[in-house]
>>> print(open('structure_21.txt').read())   # compact mmCIF, C-alpha atoms
# COMPACT_ATOMS: atom_id res chain seq x y z
CA MET A 1 -28.90 -19.81 -29.55
CA THR A 2 -25.63 -19.66 -27.62
CA THR A 3 -25.90 -19.37 -23.84
CA PRO A 4 -24.11 -16.20 -22.69
CA VAL A 5 -21.05 -16.51 -20.52
CA LYS A 6 -21.80 -15.67 -16.89
CA ALA A 7 -19.32 -13.79 -14.76
CA ALA A 8 -19.30 -12.77 -11.11
CA VAL A 9 -17.10 -9.80 -10.23
CA LEU A 10 -16.44 -9.51 -6.50
CA GLY A 11 -15.49 -5.96 -5.64
CA THR A 12 -17.08 -2.64 -6.67
CA GLY A 13 -13.91 -0.53 -6.69
CA SER A 14 -12.78 1.26 -9.83
CA TRP A 15 -10.94 -1.69 -11.44
CA GLY A 16 -13.55 -4.28 -10.48
CA THR A 17 -16.31 -2.09 -11.91
CA ALA A 18 -14.32 -1.25 -15.04
CA PHE A 19 -13.55 -4.91 -15.76
CA ALA A 20 -17.20 -5.80 -15.13
CA MET A 21 -18.00 -3.23 -17.84
CA VAL A 22 -15.53 -4.88 -20.20
CA LEU A 23 -17.10 -8.30 -19.63
CA ALA A 24 -20.61 -6.92 -20.17
CA ASP A 25 -19.53 -5.07 -23.33
CA ALA A 26 -18.05 -8.36 -24.56
CA GLY A 27 -21.49 -10.00 -24.20
CA CYS A 28 -21.26 -11.65 -20.79
CA GLU A 29 -23.96 -11.62 -18.13
CA VAL A 30 -22.25 -9.92 -15.21
CA ALA A 31 -23.13 -9.86 -11.52
CA LEU A 32 -21.12 -7.25 -9.59
CA TRP A 33 -20.91 -7.90 -5.84
CA GLY A 34 -20.28 -5.25 -3.20
CA ARG A 35 -20.83 -4.91 0.54
CA ARG A 36 -22.74 -1.64 0.50
CA PRO A 37 -26.46 -1.74 -0.37
CA GLU A 38 -26.56 1.92 -1.38
CA LEU A 39 -23.80 1.43 -3.94
CA ALA A 40 -25.43 -1.69 -5.39
CA GLU A 41 -28.72 0.20 -5.65
CA ALA A 42 -27.00 3.11 -7.40
CA VAL A 43 -25.47 0.75 -9.96
CA ASN A 44 -28.83 -0.87 -10.65
CA THR A 45 -30.96 2.27 -10.73
CA THR A 46 -28.67 4.96 -12.14
CA ARG A 47 -26.32 2.68 -14.16
CA THR A 48 -23.33 4.39 -12.56
CA ASN A 49 -20.87 3.75 -9.76
CA PRO A 50 -20.92 7.22 -8.15
CA ASP A 51 -18.16 6.48 -5.65
CA TYR A 52 -15.47 5.10 -7.96
CA LEU A 53 -16.40 5.88 -11.57
CA PRO A 54 -18.74 8.89 -11.38
CA GLY A 55 -20.34 10.01 -14.61
CA ILE A 56 -19.60 6.79 -16.53
CA GLU A 57 -22.66 4.88 -17.73
CA LEU A 58 -22.55 1.15 -17.03
CA PRO A 59 -23.84 -1.34 -19.63
CA ALA A 60 -27.21 -3.04 -19.36
CA GLY A 61 -25.67 -6.51 -19.04
CA LEU A 62 -24.28 -5.64 -15.61
CA ARG A 63 -26.27 -5.88 -12.37
CA ALA A 64 -25.14 -5.35 -8.80
CA THR A 65 -25.92 -7.30 -5.64
CA THR A 66 -24.86 -7.50 -2.01
CA ASP A 67 -25.53 -11.26 -1.96
CA ALA A 68 -22.30 -13.07 -2.82
CA ALA A 69 -24.04 -16.43 -3.26
CA GLU A 70 -26.44 -14.88 -5.75
CA ALA A 71 -23.57 -13.35 -7.72
CA LEU A 72 -21.57 -16.59 -7.73
CA ALA A 73 -24.40 -18.91 -8.78
CA GLY A 74 -23.62 -20.48 -12.15
CA ALA A 75 -20.66 -18.19 -12.88
CA ASP A 76 -18.29 -19.42 -15.58
CA PHE A 77 -15.74 -16.89 -14.35
CA THR A 78 -15.38 -15.63 -10.77
CA VAL A 79 -13.39 -12.40 -10.86
CA LEU A 80 -11.70 -11.36 -7.63
CA ALA A 81 -11.23 -7.59 -7.35
CA VAL A 82 -10.61 -6.90 -3.67
CA PRO A 83 -7.46 -5.48 -2.02
CA SER A 84 -4.79 -8.17 -2.10
CA GLN A 85 -4.29 -8.29 1.67
CA THR A 86 -8.02 -9.04 2.17
CA LEU A 87 -8.19 -11.84 -0.40
CA ARG A 88 -7.60 -14.78 1.95
CA GLY A 89 -10.40 -13.90 4.38
CA ASN A 90 -12.88 -12.91 1.70
CA LEU A 91 -12.27 -15.97 -0.47
CA ALA A 92 -12.60 -18.32 2.51
CA ALA A 93 -16.11 -16.94 3.04
CA TRP A 94 -17.02 -17.18 -0.66
CA THR A 95 -15.57 -20.61 -1.43
CA PRO A 96 -18.63 -22.68 -0.35
CA ALA A 97 -20.76 -20.76 -2.87
CA LEU A 98 -18.38 -21.05 -5.84
CA ALA A 99 -19.93 -22.59 -8.94
CA ALA A 100 -18.59 -25.98 -9.97
CA ASP A 101 -15.66 -25.63 -12.41
CA THR A 102 -15.73 -21.83 -12.29
CA VAL A 103 -12.44 -20.21 -13.32
CA LEU A 104 -11.14 -17.92 -10.58
CA VAL A 105 -9.71 -14.74 -12.08
CA SER A 106 -7.39 -12.43 -10.14
CA LEU A 107 -7.36 -8.70 -10.87
CA MET A 108 -5.14 -8.09 -7.85
CA LYS A 109 -1.54 -6.93 -8.08
CA GLY A 110 0.07 -7.73 -4.77
CA VAL A 111 1.99 -10.24 -2.68
CA GLU A 112 0.50 -11.48 0.60
CA LEU A 113 2.13 -10.19 3.76
CA GLY A 114 3.56 -12.91 6.00
CA THR A 115 3.39 -15.74 3.46
CA ALA A 116 4.97 -13.86 0.50
CA LYS A 117 2.52 -15.73 -1.74
CA ARG A 118 1.32 -14.48 -5.07
CA MET A 119 -2.44 -14.00 -5.44
CA SER A 120 -2.87 -17.10 -7.61
CA GLU A 121 -1.17 -19.17 -4.92
CA VAL A 122 -3.52 -17.82 -2.28
CA ILE A 123 -6.50 -18.62 -4.53
CA GLU A 124 -5.33 -22.19 -5.15
CA GLU A 125 -4.75 -22.74 -1.44
CA VAL A 126 -7.95 -21.23 -0.07
CA ALA A 127 -10.38 -22.41 -2.75
CA GLU A 128 -8.56 -25.76 -3.08
CA VAL A 129 -8.44 -25.60 -6.86
CA PRO A 130 -5.66 -26.62 -9.29
CA SER A 131 -3.64 -23.97 -11.10
CA GLU A 132 -5.59 -24.74 -14.28
CA ARG A 133 -8.69 -23.21 -12.65
CA VAL A 134 -6.95 -19.90 -11.95
CA ALA A 135 -6.27 -16.97 -14.29
CA VAL A 136 -4.75 -13.52 -13.94
CA VAL A 137 -5.57 -10.27 -15.73
CA THR A 138 -2.76 -7.73 -15.78
CA GLY A 139 -1.05 -5.08 -17.89
CA PRO A 140 -1.32 -1.30 -18.36
CA ASN A 141 -4.92 -1.09 -17.17
CA LEU A 142 -5.71 2.26 -15.56
CA ALA A 143 -9.34 1.78 -14.57
CA LYS A 144 -10.69 5.22 -15.43
CA GLU A 145 -9.37 5.06 -18.98
CA ILE A 146 -10.80 1.59 -19.55
CA ALA A 147 -14.14 2.63 -18.08
CA SER A 148 -14.10 5.51 -20.57
CA ARG A 149 -13.57 2.88 -23.29
CA MET A 150 -10.21 4.25 -24.29
CA PRO A 151 -7.98 1.76 -26.18
CA ALA A 152 -6.01 -0.63 -23.96
CA ALA A 153 -4.25 -3.96 -24.17
CA ALA A 154 -3.88 -6.51 -21.39
CA VAL A 155 -2.58 -9.98 -20.61
CA VAL A 156 -4.77 -12.88 -19.49
CA ALA A 157 -2.55 -15.56 -18.01
CA SER A 158 -3.17 -19.13 -16.93
CA THR A 159 -1.04 -22.23 -16.78
CA ASP A 160 -3.72 -23.77 -19.02
CA GLU A 161 -3.61 -22.10 -22.45
CA ALA A 162 -7.21 -23.14 -23.17
CA VAL A 163 -8.43 -21.39 -20.02
CA ALA A 164 -6.52 -18.25 -20.99
CA GLN A 165 -8.12 -18.37 -24.44
CA ARG A 166 -11.62 -18.73 -22.94
CA LEU A 167 -11.07 -15.70 -20.75
CA GLN A 168 -9.54 -13.81 -23.67
CA SER A 169 -12.73 -14.39 -25.65
CA ALA A 170 -14.93 -13.40 -22.70
CA CYS A 171 -13.29 -9.97 -22.28
CA HIS A 172 -12.32 -9.00 -25.83
CA THR A 173 -14.00 -5.78 -26.95
CA PRO A 174 -13.26 -3.13 -29.61
CA TYR A 175 -11.40 -1.07 -27.00
CA PHE A 176 -9.92 -3.82 -24.78
CA ARG A 177 -7.46 -6.18 -26.46
CA PRO A 178 -6.28 -9.10 -24.29
CA TYR A 179 -3.30 -11.30 -25.14
CA THR A 180 -2.75 -14.76 -23.63
CA ASN A 181 0.27 -15.93 -21.65
CA THR A 182 1.02 -19.10 -19.68
CA ASP A 183 3.70 -17.47 -17.50
CA VAL A 184 1.54 -16.75 -14.46
CA VAL A 185 4.55 -16.21 -12.18
CA GLY A 186 6.04 -13.53 -14.41
CA CYS A 187 2.73 -11.81 -15.04
CA GLU A 188 1.92 -11.60 -11.34
CA LEU A 189 5.38 -10.39 -10.36
CA GLY A 190 5.27 -7.70 -13.03
CA GLY A 191 1.98 -6.41 -11.64
CA ALA A 192 3.04 -6.53 -8.00
CA VAL A 193 6.51 -5.03 -8.28
CA LYS A 194 5.46 -2.22 -10.61
CA ASN A 195 3.36 -0.81 -7.76
CA VAL A 196 6.51 -0.54 -5.65
CA ILE A 197 8.46 1.11 -8.46
CA GLY A 198 5.48 3.39 -9.04
CA LEU A 199 5.82 4.57 -5.44
CA ALA A 200 9.54 5.20 -5.97
CA VAL A 201 8.93 7.22 -9.14
CA GLY A 202 6.15 9.15 -7.41
CA ILE A 203 8.48 10.00 -4.52
CA ALA A 204 11.10 11.19 -7.02
CA ASP A 205 8.51 13.34 -8.82
CA GLY A 206 7.33 14.78 -5.51
CA MET A 207 10.92 15.70 -4.71
CA GLY A 208 11.30 17.37 -8.11
CA LEU A 209 14.16 15.12 -9.22
CA GLY A 210 13.40 15.33 -12.94
CA ASP A 211 12.91 12.99 -15.87
CA ASN A 212 16.39 11.47 -15.84
CA ALA A 213 15.70 10.15 -12.37
CA LYS A 214 12.30 8.86 -13.49
CA GLY A 215 13.79 7.06 -16.50
CA SER A 216 16.51 5.57 -14.34
CA LEU A 217 14.08 4.32 -11.70
CA ILE A 218 11.77 2.78 -14.29
CA THR A 219 14.65 0.98 -16.02
CA ARG A 220 16.39 -0.21 -12.88
CA GLY A 221 13.02 -1.12 -11.39
CA LEU A 222 12.40 -3.35 -14.38
CA ALA A 223 15.83 -4.92 -13.81
CA GLU A 224 14.88 -5.68 -10.19
CA THR A 225 11.61 -7.23 -11.28
CA THR A 226 13.33 -9.38 -13.89
CA ARG A 227 15.98 -10.59 -11.43
CA LEU A 228 13.27 -11.72 -9.04
CA GLY A 229 11.30 -13.32 -11.84
CA LEU A 230 14.29 -15.30 -13.08
CA ALA A 231 14.97 -16.56 -9.56
CA MET A 232 11.36 -17.76 -9.38
CA GLY A 233 11.31 -19.47 -12.76
CA ALA A 234 9.50 -16.82 -14.81
CA ASP A 235 10.09 -16.26 -18.53
CA PRO A 236 12.30 -13.15 -18.88
CA LEU A 237 10.43 -12.13 -22.05
CA THR A 238 7.31 -11.55 -19.94
CA PHE A 239 8.95 -8.50 -18.38
CA SER A 240 9.47 -6.82 -21.76
CA GLY A 241 5.77 -7.23 -22.52
CA LEU A 242 2.49 -5.76 -21.34
CA ALA A 243 2.63 -7.39 -17.90
CA GLY A 244 6.11 -5.99 -17.31
CA LEU A 245 7.26 -2.87 -19.14
CA GLY A 246 3.76 -1.90 -20.31
CA ASP A 247 2.25 -1.87 -16.83
CA LEU A 248 5.35 -0.25 -15.33
CA VAL A 249 5.32 2.67 -17.78
CA ALA A 250 1.61 3.33 -17.29
CA THR A 251 1.90 3.25 -13.50
CA CYS A 252 5.01 5.43 -13.35
CA SER A 253 3.84 8.08 -15.81
CA SER A 254 0.14 8.63 -15.09
CA PRO A 255 -1.53 10.82 -12.46
CA LEU A 256 -4.33 8.22 -12.53
CA SER A 257 -1.99 5.72 -10.85
CA ARG A 258 -2.77 5.42 -7.13
CA ASN A 259 0.75 4.28 -6.28
CA HIS A 260 2.42 7.08 -8.22
CA THR A 261 0.13 9.66 -6.59
CA PHE A 262 0.76 8.17 -3.13
CA GLY A 263 4.51 8.37 -3.70
CA THR A 264 4.28 11.94 -4.99
CA ASN A 265 2.61 13.04 -1.75
CA LEU A 266 5.35 11.36 0.29
CA GLY A 267 8.01 13.03 -1.85
CA ARG A 268 6.41 16.41 -1.22
CA GLY A 269 6.87 15.92 2.49
CA MET A 270 3.58 14.47 3.67
CA THR A 271 3.79 11.80 6.37
CA LEU A 272 2.57 8.27 5.76
CA GLN A 273 -0.57 8.86 7.81
CA GLU A 274 -1.30 12.16 6.06
CA THR A 275 -0.92 10.48 2.70
CA ILE A 276 -3.19 7.59 3.68
CA ALA A 277 -5.79 10.10 4.87
CA VAL A 278 -6.01 11.80 1.46
CA THR A 279 -5.85 8.55 -0.54
CA ARG A 280 -9.35 7.30 -1.17
CA GLN A 281 -8.52 3.94 -2.74
CA THR A 282 -6.00 1.21 -1.99
CA ALA A 283 -2.44 1.81 -3.19
CA GLU A 284 -1.32 -1.82 -3.26
CA GLY A 285 2.39 -1.02 -3.22
CA VAL A 286 2.19 0.51 0.26
CA LYS A 287 1.75 -2.88 1.88
CA SER A 288 3.14 -5.07 -0.89
CA CYS A 289 6.55 -3.38 -0.85
CA GLU A 290 7.23 -5.25 2.40
CA SER A 291 6.04 -8.60 1.05
CA VAL A 292 7.92 -8.10 -2.24
CA LEU A 293 11.10 -7.44 -0.27
CA ASP A 294 10.40 -10.52 1.85
CA LEU A 295 9.97 -12.55 -1.35
CA ALA A 296 13.25 -11.19 -2.74
CA ARG A 297 15.16 -12.08 0.42
CA ARG A 298 13.71 -15.60 0.41
CA HIS A 299 15.15 -16.03 -3.10
CA GLY A 300 18.43 -14.22 -2.42
CA VAL A 301 17.67 -11.41 -4.87
CA ASP A 302 19.00 -7.86 -4.45
CA MET A 303 16.25 -5.23 -4.88
CA PRO A 304 17.66 -1.86 -3.77
CA ILE A 305 14.80 0.30 -5.05
CA THR A 306 12.28 -1.87 -3.22
CA GLU A 307 14.42 -1.66 -0.07
CA THR A 308 14.48 2.12 -0.40
CA VAL A 309 10.70 2.31 -0.71
CA VAL A 310 10.24 0.12 2.37
CA GLY A 311 12.65 2.38 4.27
CA ILE A 312 10.70 5.51 3.35
CA VAL A 313 7.17 4.12 3.71
CA HIS A 314 7.51 1.86 6.73
CA GLU A 315 10.69 2.83 8.56
CA GLY A 316 10.29 6.59 8.51
CA LYS A 317 13.48 7.23 6.55
CA PRO A 318 13.49 10.75 5.03
CA PRO A 319 13.38 10.56 1.22
CA VAL A 320 16.50 12.76 0.94
CA VAL A 321 18.48 10.33 3.11
CA ALA A 322 17.13 7.30 1.25
CA LEU A 323 18.07 8.88 -2.08
CA LYS A 324 21.63 9.54 -0.92
CA GLU A 325 21.99 5.92 0.22
CA LEU A 326 20.62 4.59 -3.06
CA MET A 327 22.90 6.78 -5.19
CA SER A 328 26.00 5.95 -3.14
CA ARG A 329 25.76 2.19 -3.67
CA ALA A 330 28.89 0.55 -5.11
CA ALA A 331 29.24 0.86 -8.89
CA LYS A 332 28.67 -2.31 -10.92
CA PRO A 333 27.98 -3.54 -14.48
CA GLU A 334 24.47 -2.75 -15.74
CA ARG A 335 23.52 -6.36 -16.42
CA ARG A 336 23.97 -7.67 -12.92
>>> encode(input="structure_21.txt", output="structure tokens")
Amino acid sequence: MTTPVKAAVLGTGSWGTAFAMVLADAGCEVALWGRRPELAEAVNTTRTNPDYLPGIELPAGLRATTDAAEALAGADFTVLAVPSQTLRGNLAAWTPALAADTVLVSLMKGVELGTAKRMSEVIEEVAEVPSERVAVVTGPNLAKEIASRMPAAAVVASTDEAVAQRLQSACHTPYFRPYTNTDVVGCELGGAVKNVIGLAVGIADGMGLGDNAKGSLITRGLAETTRLGLAMGADPLTFSGLAGLGDLVATCSSPLSRNHTFGTNLGRGMTLQETIAVTRQTAEGVKSCESVLDLARRHGVDMPITETVVGIVHEGKPPVVALKELMSRAAKPERR
């Protein structure tokens, strides 16, 4: 009899819970860690996560705990599903309890403020593990749809193809189809920058600028992402795949996207604080737009849409003024 794969998922938000479901549906034994005892109890007794995925029944192979060491014990895969800006502190606390040879899996789509490091780099540094022990899950993965077992594809990336294949097998279900990739840099950049472009498209939608503007922002946003990726050594083909275009389209076109919704509220005239107040979950692009811009400047890459988002979100620039500045930039060839 084959021993089931064990997975620890750290974070009971919508995406952490949805991916824990995927792993359990794929036959893994899954321990879902969260801080709040009442939420862990609800998962274990009602088989639902009432705060983040209400009404969706969780599989029997998933149990919740508030004890991180208990969740991490013997885990073949340790899945990190916390807000990107909290990763460093959380992982430092969890590292002593990590199982030997566990693969650390990032569900996070952000760039760390201050260091401009990708999430896999933070994981390698804090947990003191080689890149071969780190994997990334990314792509067009709106949590509510996946939790409803609607068809979706994703990318599982690791510098070690064998590790990516192991994770692929551990999360492959009839409704969730993962593809492997060894371009971790490109996959992470695609996931992080699409949140920023999602904010921009949301702002445009909130302002009522129409579908031409949306199509233009998505396309030029992809160009920005690709420029940054090339400067950092990523494979340009990654950005035409699920981790790039696929994730970008889903984020920019769905009301389920937190970043798109956040941007829409800003575009309608809400202040940053008002928008934060009505946003229940983390919109990663709000903080990561600054770190993505920092990363671009470190590599000498021009990212005007990202600059515009930073201006609106963090510098108080009125969206109408920011739009005028963006549209009045000097004309240039498309492929530059």
>>> closest_residue(input="structure_21.txt", among="A:Ser14, A:Thr102, A:Ser291, A:Thr182", to="Val137 in chain A", atoms="only C-alpha atoms")
A:Thr182
>>> closest_residue(input="structure_21.txt", among="A:Thr138, A:Thr45, A:Thr66, A:Gln281", to="Leu242 in chain A", atoms="only C-alpha atoms")
A:Thr138
>>> closest_residue(input="structure_21.txt", among="A:Glu224, A:Glu307, A:Asp235, A:Glu334", to="Val184 in chain A", atoms="only C-alpha atoms")
A:Asp235
>>> residues_around(input="structure_21.txt", residues="Leu167 in chain A", least_positions_apart="3", cutoff="9 Å", atoms="all atoms listed in the file", output="list in words")
Phe77, Val103, Val105, Ala135, Val156, Ala157, Ala162, Val163, Ala164, Ala170, Cys171, His172, Pro178 and Thr180 of chain A
>>> residues_around(input="structure_21.txt", residues="range 311-313 of chain A", least_positions_apart="3", cutoff="12 Å", atoms="all atoms listed in the file", output="NGL selection string")
:A and (196 or 199-200 or 203-204 or 259 or 262-263 or 265-267 or 269-276 or 285-290 or 293 or 304-308 or 316-323 or 325-326)
>>> write_last_selection(input="structure_21.txt", atoms="C-alpha atoms", output="PDB file, in the frame of the given file")
ATOM      1  CA  VAL A 196       6.510  -0.540  -5.650  1.00  0.00           C
ATOM      2  CA  LEU A 199       5.820   4.570  -5.440  1.00  0.00           C
ATOM      3  CA  ALA A 200       9.540   5.200  -5.970  1.00  0.00           C
ATOM      4  CA  ILE A 203       8.480  10.000  -4.520  1.00  0.00           C
ATOM      5  CA  ALA A 204      11.100  11.190  -7.020  1.00  0.00           C
ATOM      6  CA  ASN A 259       0.750   4.280  -6.280  1.00  0.00           C
ATOM      7  CA  PHE A 262       0.760   8.170  -3.130  1.00  0.00           C
ATOM      8  CA  GLY A 263       4.510   8.370  -3.700  1.00  0.00           C
ATOM      9  CA  ASN A 265       2.610  13.040  -1.750  1.00  0.00           C
ATOM     10  CA  LEU A 266       5.350  11.360   0.290  1.00  0.00           C
ATOM     11  CA  GLY A 267       8.010  13.030  -1.850  1.00  0.00           C
ATOM     12  CA  GLY A 269       6.870  15.920   2.490  1.00  0.00           C
ATOM     13  CA  MET A 270       3.580  14.470   3.670  1.00  0.00           C
ATOM     14  CA  THR A 271       3.790  11.800   6.370  1.00  0.00           C
ATOM     15  CA  LEU A 272       2.570   8.270   5.760  1.00  0.00           C
ATOM     16  CA  GLN A 273      -0.570   8.860   7.810  1.00  0.00           C
ATOM     17  CA  GLU A 274      -1.300  12.160   6.060  1.00  0.00           C
ATOM     18  CA  THR A 275      -0.920  10.480   2.700  1.00  0.00           C
ATOM     19  CA  ILE A 276      -3.190   7.590   3.680  1.00  0.00           C
ATOM     20  CA  GLY A 285       2.390  -1.020  -3.220  1.00  0.00           C
ATOM     21  CA  VAL A 286       2.190   0.510   0.260  1.00  0.00           C
ATOM     22  CA  LYS A 287       1.750  -2.880   1.880  1.00  0.00           C
ATOM     23  CA  SER A 288       3.140  -5.070  -0.890  1.00  0.00           C
ATOM     24  CA  CYS A 289       6.550  -3.380  -0.850  1.00  0.00           C
ATOM     25  CA  GLU A 290       7.230  -5.250   2.400  1.00  0.00           C
ATOM     26  CA  LEU A 293      11.100  -7.440  -0.270  1.00  0.00           C
ATOM     27  CA  PRO A 304      17.660  -1.860  -3.770  1.00  0.00           C
ATOM     28  CA  ILE A 305      14.800   0.300  -5.050  1.00  0.00           C
ATOM     29  CA  THR A 306      12.280  -1.870  -3.220  1.00  0.00           C
ATOM     30  CA  GLU A 307      14.420  -1.660  -0.070  1.00  0.00           C
ATOM     31  CA  THR A 308      14.480   2.120  -0.400  1.00  0.00           C
ATOM     32  CA  GLY A 316      10.290   6.590   8.510  1.00  0.00           C
ATOM     33  CA  LYS A 317      13.480   7.230   6.550  1.00  0.00           C
ATOM     34  CA  PRO A 318      13.490  10.750   5.030  1.00  0.00           C
ATOM     35  CA  PRO A 319      13.380  10.560   1.220  1.00  0.00           C
ATOM     36  CA  VAL A 320      16.500  12.760   0.940  1.00  0.00           C
ATOM     37  CA  VAL A 321      18.480  10.330   3.110  1.00  0.00           C
ATOM     38  CA  ALA A 322      17.130   7.300   1.250  1.00  0.00           C
ATOM     39  CA  LEU A 323      18.070   8.880  -2.080  1.00  0.00           C
ATOM     40  CA  GLU A 325      21.990   5.920   0.220  1.00  0.00           C
ATOM     41  CA  LEU A 326      20.620   4.590  -3.060  1.00  0.00           C
TER      42      LEU A 326
END
>>> atom_distance(input="structure_21.txt", atom1="CA of Gly61 in chain A", atom2="CA of Asp25 in chain A")
7.6 Å
>>> closest_residue(input="structure_21.txt", among="A:Asn195, A:Thr78, A:Thr115, A:Asn49", to="Asp247 in chain A", atoms="all atoms listed in the file")
A:Asn195
>>> closest_residue(input="structure_21.txt", among="A:Gly198, A:Pro174, A:Gly300, A:Gly74", to="Ala283 in chain A", atoms="all atoms listed in the file")
A:Gly198
>>> closest_residue(input="structure_21.txt", among="A:Val122, A:Ala42, A:Leu107, A:Leu228", to="Gly191 in chain A", atoms="only C-alpha atoms")
A:Leu107
>>> atom_distance(input="structure_21.txt", atom1="CA of Thr2 in chain A", atom2="CA of Gln168 in chain A")
17.6 Å
>>> atom_distance(input="structure_21.txt", atom1="CA of Ser169 in chain A", atom2="CA of Thr238 in chain A")
21.0 Å
>>> residues_near_point(input="structure_21.txt", point="(-19.9, 6.8, -16.1)", cutoff="12 Å", atoms="only C-alpha atoms", output="list in words")
Ser14, Thr17, Ala18, Met21, Ala42, Val43, Thr46, Arg47, Thr48, Asn49, Pro50, Asp51, Tyr52, Leu53, Pro54, Gly55, Ile56, Glu57, Leu58, Pro59, Ala143, Lys144, Glu145, Ile146, Ala147, Ser148 and Arg149 of chain A
>>> residues_around(input="structure_21.txt", residues="range 123-128 of chain A", least_positions_apart="5", cutoff="12 Å", atoms="only C-alpha atoms", output="ChimeraX atom specification")
/A:78-80,84,86-108,112,115,117-118,133-136
>>> residues_around(input="structure_21.txt", residues="Ala296 in chain A", least_positions_apart="6", cutoff="9 Å", atoms="all atoms listed in the file", output="number ranges by chain")
A: 228, 231, 302-303
>>> build_atoms(input="structure_21.txt", residues="range 60-75 of chain A", atoms="N, CA and C atoms", output="mmCIF file, in the coordinates of the input")
data_model
loop_
_atom_site.group_PDB
_atom_site.id
_atom_site.type_symbol
_atom_site.label_atom_id
_atom_site.label_comp_id
_atom_site.auth_asym_id
_atom_site.auth_seq_id
_atom_site.Cartn_x
_atom_site.Cartn_y
_atom_site.Cartn_z
ATOM 1 N N ALA A 60 -25.990 -2.383 -19.831
ATOM 2 C CA ALA A 60 -27.210 -3.040 -19.360
ATOM 3 C C ALA A 60 -26.962 -4.467 -18.899
ATOM 4 N N GLY A 61 -25.931 -5.119 -19.409
ATOM 5 C CA GLY A 61 -25.670 -6.510 -19.040
ATOM 6 C C GLY A 61 -25.024 -6.677 -17.682
ATOM 7 N N LEU A 62 -24.938 -5.605 -16.921
ATOM 8 C CA LEU A 62 -24.280 -5.640 -15.610
ATOM 9 C C LEU A 62 -25.305 -5.304 -14.531
ATOM 10 N N ARG A 63 -25.392 -6.166 -13.517
ATOM 11 C CA ARG A 63 -26.270 -5.880 -12.370
ATOM 12 C C ARG A 63 -25.454 -6.042 -11.101
ATOM 13 N N ALA A 64 -25.873 -5.316 -10.070
ATOM 14 C CA ALA A 64 -25.140 -5.350 -8.800
ATOM 15 C C ALA A 64 -25.966 -6.028 -7.723
ATOM 16 N N THR A 65 -25.261 -6.629 -6.756
ATOM 17 C CA THR A 65 -25.920 -7.300 -5.640
ATOM 18 C C THR A 65 -25.024 -7.269 -4.416
ATOM 19 N N THR A 66 -25.631 -7.361 -3.249
ATOM 20 C CA THR A 66 -24.860 -7.500 -2.010
ATOM 21 C C THR A 66 -24.839 -8.955 -1.541
ATOM 22 N N ASP A 67 -25.453 -9.838 -2.305
ATOM 23 C CA ASP A 67 -25.530 -11.260 -1.960
ATOM 24 C C ASP A 67 -24.478 -12.019 -2.765
ATOM 25 N N ALA A 68 -23.399 -12.408 -2.109
ATOM 26 C CA ALA A 68 -22.300 -13.070 -2.820
ATOM 27 C C ALA A 68 -22.755 -14.393 -3.444
ATOM 28 N N ALA A 69 -23.573 -15.147 -2.733
ATOM 29 C CA ALA A 69 -24.040 -16.430 -3.260
ATOM 30 C C ALA A 69 -24.853 -16.230 -4.538
ATOM 31 N N GLU A 70 -25.649 -15.180 -4.557
ATOM 32 C CA GLU A 70 -26.440 -14.880 -5.750
ATOM 33 C C GLU A 70 -25.532 -14.533 -6.927
ATOM 34 N N ALA A 71 -24.506 -13.730 -6.656
ATOM 35 C CA ALA A 71 -23.570 -13.350 -7.720
ATOM 36 C C ALA A 71 -22.812 -14.556 -8.254
ATOM 37 N N LEU A 72 -22.426 -15.462 -7.361
ATOM 38 C CA LEU A 72 -21.570 -16.590 -7.730
ATOM 39 C C LEU A 72 -22.314 -17.723 -8.415
ATOM 40 N N ALA A 73 -23.612 -17.790 -8.255
ATOM 41 C CA ALA A 73 -24.400 -18.910 -8.780
ATOM 42 C C ALA A 73 -24.230 -19.047 -10.298
ATOM 43 N N GLY A 74 -23.732 -20.188 -10.730
ATOM 44 C CA GLY A 74 -23.620 -20.480 -12.150
ATOM 45 C C GLY A 74 -22.563 -19.701 -12.908
ATOM 46 N N ALA A 75 -21.650 -19.023 -12.204
ATOM 47 C CA ALA A 75 -20.660 -18.190 -12.880
ATOM 48 C C ALA A 75 -19.591 -19.031 -13.574
#
